[in-house]
Each structure stands twice: as C-alpha cells, then as structure tokens.
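To keep things clear, I will list the structure first and then write my remarks on it.
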Amino acid sequence: MAFRAPGRRGCAERCGAMCRTPALALLLTLTASAQVVQIGVFSLFRPVELRVSPVSGALLVDTGDDRVILEGRQARAIMLASISAPVRVSALDGFDADFRLSIPGRIERQFHGILTVQAGDHKLIAVVAMDREVAVASVVAAEMPASAPMEALKAQAVVARAYFAAAEPRHDGFDFCDSTHCQFLRERPEPRSDAFQATRETRGQVLAYLGKPFAALYSASCGGQTRSLEGDGAGYPYYSVPCNFCRRHSPGVVQGHQLGLCQHGAAGMARSGAGYREILEHYYPGTSVMQSEANAFIDDFHIHVAATPRL
C-alpha cells in the first residue's frame with residue numbers, strides 16, 4: 001500500500017497560508033501514519049459503464065492519454081468498450097477527493113479517496129484507495145442501524161478496524177470488496193453522525209489476542225448463543241457465549257454465522273448501560289483492545305492521502 005504525505009515545502013506550495021492553521025497542520029502531520037486500504041466497489045454489478053463527478057472541489061481524471069479536470073456538475077463516463085489503460089481520479093493535487101460514482105440507472109454513491117478504474121473480464125474494476133479510518137466509518141454506517149447506541153457503534157468500529165488491519169487481502173488487485181463477502185461498505189457518513197463519531201473516538205483501536213491483532217468476525221443476530229470455532233486461521237479460538245438480548249427478543253433467529261460480535265446483542269447490551277469494551281470482552285473472551293501501530297486521524301477535515309492501488 002503506497003502513500004505519500006506532503007513535505008514541508010510541498011505543503012507550503014499547495015496550501016499557502018492555510019498550512020499555518022493549527023488544525024490543518026496537525027492533520028497534514030498525522031497523515032504520514034495513516035493506513036490506506038484498497039476497496040473494490042460495485043463489483044457485484046459487473047459494470048460496463050461508470051460515471052464519475054465531483055462532490056466538492058474539482059477532480060483530476062488521468063486516463064493515461066490525457067488529463068481532464070471536472071468541475072461543478074461535469075461528469076466523465078468510463079466505458080469498458082473504450083478503456084485502454086487504468087483511469088485514475090483524484091483531487092487536483094493528486095490526493096484524495098470527494099467524488100460521486102455511479103452505474104447509470106442502477107446505483108450511485110459518494111466516496112472519499114482516490115479512484116482507479118481498469119478493464120477486467122467483461123467488466124470494469126473500480127477500486128477506491130481510502131484511509132482506513134474512513135473505511136471503518138463507512139462500514140459502521142452500513143453495518144449498524146443509525147438508531148444503534150453509541151457504545152454499540154464503538155464496538156463495531158473496533159471490530160471492523162481489526163478486520164481491515166489483520167485480514168489478508170481477499171481479492172486480486174485490491175484488498176477488500178464493499179459487500180458482505182468482506183465487510184458491507186457504502187458511503188462515508190457525515191462528520192456529525194454517530195457512526196463517524198464512534199470511529200473517531202476509537203481511532204486506531206483494534207482487537208488483539210495474545211498481543212496480536214486478529215481479523216474479528218461478527219454477525220447480525222446469533223439467536224441467543226454464539227458458536228465456537230477452532231483453528232480459524234486468524235489465531236483466535238472463537239468461544240460460544242450466551243446472548244441474553246437475542247434470547248429475550250429474537251429467540252432462535254439467526255442472521256449470519258454466529259461468530260464473535262452479535263450486532264443485535266451489542267445494541268441490547270449498550271442500551272442496558274454496557275460500554276464498548278465490556279461488549280467486546282463478552283463476545284470475544286480472552287481478547288484485549290490495543291492501539292494499532294498507525295494511529296490514523298479522522299476529524300471533520302478531509303484526510304489527504306495519495307495512493308496507487310495495486311493493479
């Protein structure tokens with residue numbers, strides 16, 4: 001995963017007087033330790049046409065043959081029939097940007113990062129290189145209902161981050177997809193949303209077993225009891241633990257593989273006053289919450305990370 005952060009001279013050239021503001025200076029300093037994940041998006045649709053347009057600020061579209069700037073309501077179509085080289089979409093300075101990506105007539109989402117599109121086997125392959133904390137916030141917003149208590153959202157953020165941090169890449173050409181095959185991911189939530197706040201308040205925290213992060217698994221509803229799993233390859237022996245919330249409110253109803261965190265149960269525990277660490281200790285006995293090596297920063301400002309997906 002390659003990335004670069006602006007040096008002192010480059011920062012001054014790009015930002016001018018803005019670099020003298022304390023908040024932005026802190027942001028640019030901390031991006032040097034940010035982790036980038038490559039997320040394949042819209043792959044289930046096997047798109048043959050994509051359209052990209054700006055959300056805020058101009059976009060730079062590099063097709064290999066030419067470079068096009070998109071502003072305002074301008075959009076660029078990327079067609080499988082005419083693509084000859086990978087197309088890269090970023091902010092004008094080459095860093096991450098807010099952009100709108102769509103399959104005309106089918107789906108449209110906003111992303112924050114750097115987009116690369118290339119031709120695959122009878123489809124376009126779209127990959128968004130995004131800061132790991134942005135990906136975590138997007139997973140929390142997609143996986144948990146907006147009405148979930150904050151402590152349950154924090155638990156989900158730690159679990160989602162642990163998966164991104166410790167799981168091996170699951171696809172050729174990118175790390176993870178945006179479906180439940182990896183982790184369900186949609187748009188980055190608004191900074192004022194609970195999902196965003198839960199991610200920021202737990203930033204960098206992952207689940208660890210015997211001092212090492214592991215790719216934590218979770219499911220929607222365990223039906224009253226999670227199940228055990230020996231030798232899952234991630235180093236953590238999942239234990240079977242009772243889930244009183246599911247026993248009372250949805251006895252026997254199972255949604256998912258019943259491993260690790262039960263999202264319904266976590267919400268129930270949080271409503272009863274449990275904190276996110278207590279929730280994690282219940283569903284993952286013998287684990288601890290540790291700070292990952294890269295303490296990525298997420299705040300109301302945009303994170304500037306330049307990255308080139310592995311193609």
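Residues are named by chain letter and number: chains run A, B, ... in the order of the structure tokens, numbers start at 1 in each chain, and ligands are numbered from 1 in the order shown.
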Residues of stretch 154-222 of chain A that have any atom at most 8 Å from an atom of stretch 32-52 of chain A: could you tabulate them with the shortest-distance atom pair and the distance in Å to one decimal, using only C-alpha atoms, ordered by chain and increasing number, as CSV?
```
residue,atom,partner,partner_atom,distance
A:Phe164,CA,A:Val37,CA,7.7
A:Phe174,CA,A:Gln38,CA,5.2
A:Asp175,CA,A:Gln38,CA,5.1
A:Phe176,CA,A:Ile39,CA,5.0
A:Cys177,CA,A:Gly40,CA,4.5
A:Asp178,CA,A:Val41,CA,5.5
A:Ser179,CA,A:Leu44,CA,7.9
```
Shell of 9 Å around stretch 287-290 of chain A, only C-alpha atoms, local chain residues under 3 positions omitted, as a VMD selection string: chain A and resid 158 204 to 213 236 277 280 to 281 284
Output N, CA and C atoms for every residue in the selection just made, as a PDB file, in the first residue's frame.
```pdb
ATOM      1  N   VAL A 158     -14.322  -0.885  16.397  1.00  0.00           N
ATOM      2  CA  VAL A 158     -13.105  -1.609  16.782  1.00  0.00           C
ATOM      3  C   VAL A 158     -13.015  -2.930  16.023  1.00  0.00           C
ATOM      4  N   GLY A 204      -7.798   4.023  15.704  1.00  0.00           N
ATOM      5  CA  GLY A 204      -6.599   3.221  15.875  1.00  0.00           C
ATOM      6  C   GLY A 204      -6.762   1.986  16.741  1.00  0.00           C
ATOM      7  N   GLN A 205      -7.903   1.819  17.413  1.00  0.00           N
ATOM      8  CA  GLN A 205      -8.074   0.688  18.323  1.00  0.00           C
ATOM      9  C   GLN A 205      -8.514  -0.565  17.563  1.00  0.00           C
ATOM     10  N   VAL A 206      -7.867  -1.702  17.883  1.00  0.00           N
ATOM     11  CA  VAL A 206      -8.200  -2.980  17.263  1.00  0.00           C
ATOM     12  C   VAL A 206      -8.309  -4.046  18.346  1.00  0.00           C
ATOM     13  N   LEU A 207      -8.940  -5.151  18.005  1.00  0.00           N
ATOM     14  CA  LEU A 207      -8.998  -6.292  18.909  1.00  0.00           C
ATOM     15  C   LEU A 207      -7.724  -7.118  18.772  1.00  0.00           C
ATOM     16  N   ALA A 208      -7.218  -7.589  19.906  1.00  0.00           N
ATOM     17  CA  ALA A 208      -5.982  -8.384  19.883  1.00  0.00           C
ATOM     18  C   ALA A 208      -6.162  -9.635  20.731  1.00  0.00           C
ATOM     19  N   TYR A 209      -5.495 -10.702  20.311  1.00  0.00           N
ATOM     20  CA  TYR A 209      -5.468 -11.960  21.057  1.00  0.00           C
ATOM     21  C   TYR A 209      -4.013 -12.369  21.228  1.00  0.00           C
ATOM     22  N   LEU A 210      -3.605 -12.593  22.451  1.00  0.00           N
ATOM     23  CA  LEU A 210      -2.212 -12.899  22.779  1.00  0.00           C
ATOM     24  C   LEU A 210      -1.272 -11.812  22.253  1.00  0.00           C
ATOM     25  N   GLY A 211      -1.750 -10.572  22.334  1.00  0.00           N
ATOM     26  CA  GLY A 211      -0.929  -9.429  21.969  1.00  0.00           C
ATOM     27  C   GLY A 211      -0.864  -9.110  20.498  1.00  0.00           C
ATOM     28  N   LYS A 212      -1.612  -9.833  19.650  1.00  0.00           N
ATOM     29  CA  LYS A 212      -1.578  -9.592  18.212  1.00  0.00           C
ATOM     30  C   LYS A 212      -2.989  -9.323  17.679  1.00  0.00           C
ATOM     31  N   PRO A 213      -3.143  -8.325  16.799  1.00  0.00           N
ATOM     32  CA  PRO A 213      -4.462  -8.072  16.200  1.00  0.00           C
ATOM     33  C   PRO A 213      -4.933  -9.284  15.408  1.00  0.00           C
ATOM     34  N   TYR A 236      -7.438 -16.745  16.667  1.00  0.00           N
ATOM     35  CA  TYR A 236      -8.360 -16.589  17.794  1.00  0.00           C
ATOM     36  C   TYR A 236      -9.375 -17.728  17.801  1.00  0.00           C
ATOM     37  N   ARG A 277     -16.025  -1.578  25.508  1.00  0.00           N
ATOM     38  CA  ARG A 277     -15.030  -2.559  25.926  1.00  0.00           C
ATOM     39  C   ARG A 277     -15.684  -3.748  26.622  1.00  0.00           C
ATOM     40  N   LEU A 280     -17.176  -5.940  23.927  1.00  0.00           N
ATOM     41  CA  LEU A 280     -16.150  -6.718  23.234  1.00  0.00           C
ATOM     42  C   LEU A 280     -15.615  -7.848  24.109  1.00  0.00           C
ATOM     43  N   GLU A 281     -15.437  -7.594  25.384  1.00  0.00           N
ATOM     44  CA  GLU A 281     -14.977  -8.644  26.305  1.00  0.00           C
ATOM     45  C   GLU A 281     -15.977  -9.791  26.394  1.00  0.00           C
ATOM     46  N   TYR A 284     -15.871 -11.611  22.769  1.00  0.00           N
ATOM     47  CA  TYR A 284     -14.546 -12.122  22.413  1.00  0.00           C
ATOM     48  C   TYR A 284     -13.752 -12.379  23.699  1.00  0.00           C
TER      49      TYR A 284
END
```
Best match for closeness to A:Ala267 among A:Glu151, A:Glu108, A:Asp194, A:Glu230, counting only C-alpha atoms: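 The closest residue to A:Ala267 is A:Glu151.
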Residues of stretch 145-300 of chain A in strand (DSSP E), written as a ChimeraX atom specification: /A:176-177,205-209,212-213,218-219,221-222,254-255,261-262,288-291
Any chance you can output those residues with C-alpha atoms as an mmCIF file, in the first residue's frame?
```
data_model
loop_
_atom_site.group_PDB
_atom_site.id
_atom_site.type_symbol
_atom_site.label_atom_id
_atom_site.label_comp_id
_atom_site.auth_asym_id
_atom_site.auth_seq_id
_atom_site.Cartn_x
_atom_site.Cartn_y
_atom_site.Cartn_z
ATOM 1 C CA PHE A 176 -11.433 -5.964 0.187
ATOM 2 C CA CYS A 177 -14.777 -5.521 -1.523
ATOM 3 C CA GLN A 205 -8.074 0.688 18.323
ATOM 4 C CA VAL A 206 -8.200 -2.980 17.263
ATOM 5 C CA LEU A 207 -8.998 -6.292 18.909
ATOM 6 C CA ALA A 208 -5.982 -8.384 19.883
ATOM 7 C CA TYR A 209 -5.468 -11.960 21.057
ATOM 8 C CA LYS A 212 -1.578 -9.592 18.212
ATOM 9 C CA PRO A 213 -4.462 -8.072 16.200
ATOM 10 C CA TYR A 218 -19.258 -10.764 13.538
ATOM 11 C CA SER A 219 -22.859 -11.320 12.528
ATOM 12 C CA SER A 221 -28.110 -11.971 15.170
ATOM 13 C CA CYS A 222 -26.856 -15.047 16.996
ATOM 14 C CA VAL A 254 -30.055 -16.411 13.377
ATOM 15 C CA GLN A 255 -28.715 -13.957 10.811
ATOM 16 C CA LEU A 261 -19.902 -9.959 17.957
ATOM 17 C CA CYS A 262 -23.683 -10.216 17.714
ATOM 18 C CA SER A 288 -7.917 -7.025 24.605
ATOM 19 C CA VAL A 289 -8.302 -3.682 22.870
ATOM 20 C CA MET A 290 -4.959 -2.359 21.704
ATOM 21 C CA GLN A 291 -3.766 0.638 19.743
#
```
One-decimal distance in Å that lies between atom CA of A:Val139 and atom CA of A:Phe99: 18.0 Å
Residue with smallest distance to A:Asp172 - pool A:Ala160, A:Ile125, A:Ala195, A:Val136, counting only C-alpha atoms: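 Closest to A:Asp172, using only C-alpha atoms: A:Ile125.
Across the model, the gap from atom CA of A:Gly113 to atom CA of A:Ala152 is 26.6 Å.
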Alpha helix (DSSP H) positions in stretch 220-283 of chain A, given as a PyMOL selection string: chain A and resi 244-249+263-271+276-283
Separation of atom CA of A:Ala129 from atom CA of A:Arg76 in Å: 19.2 Å
Shell of 12 Å around A:Ala141, only C-alpha atoms, local chain residues under 2 positions omitted, as a ChimeraX atom specification: /A:134-139,143-148,150,152-154,156-157,160,183-191,193-199
Closest of A:Arg73, A:Ala166, A:Phe245, A:Ile78 to A:Ala216 - atom-to-atom distances counting only C-alpha atoms: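 Answer, going by the shortest atom-to-atom distance: A:Ala166.
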What's around A:Leu60 at 10 Å? Count only C-alpha atoms, leave out sequence neighbours fewer than 5 positions away in its own chain, and write the answer as a PDB file with C-alpha atoms, in the first residue's frame.
```
ATOM      1  CA  PRO A  54     -17.226  15.971  -8.280  1.00  0.00           C
ATOM      2  CA  ARG A  67      -5.759  14.598 -18.140  1.00  0.00           C
ATOM      3  CA  VAL A  68      -9.209  16.115 -17.696  1.00  0.00           C
ATOM      4  CA  ILE A  69     -10.479  18.419 -14.951  1.00  0.00           C
ATOM      5  CA  LEU A  70     -14.087  18.022 -13.833  1.00  0.00           C
ATOM      6  CA  GLU A  71     -15.815  20.876 -12.030  1.00  0.00           C
ATOM      7  CA  ARG A  88      -7.169   7.484 -12.051  1.00  0.00           C
ATOM      8  CA  VAL A  89      -9.443  10.053 -10.376  1.00  0.00           C
ATOM      9  CA  SER A  90      -8.169  12.318  -7.590  1.00  0.00           C
ATOM     10  CA  ALA A  91      -8.157  15.891  -6.372  1.00  0.00           C
ATOM     11  CA  LEU A  92      -6.180  18.360  -8.476  1.00  0.00           C
ATOM     12  CA  ASP A  93      -3.134  17.915  -6.238  1.00  0.00           C
ATOM     13  CA  GLY A  94      -3.214  14.134  -6.692  1.00  0.00           C
ATOM     14  CA  PHE A  95      -4.554  13.486  -3.212  1.00  0.00           C
ATOM     15  CA  ALA A  97     -11.107  13.665  -3.125  1.00  0.00           C
TER      16      ALA A  97
END
```
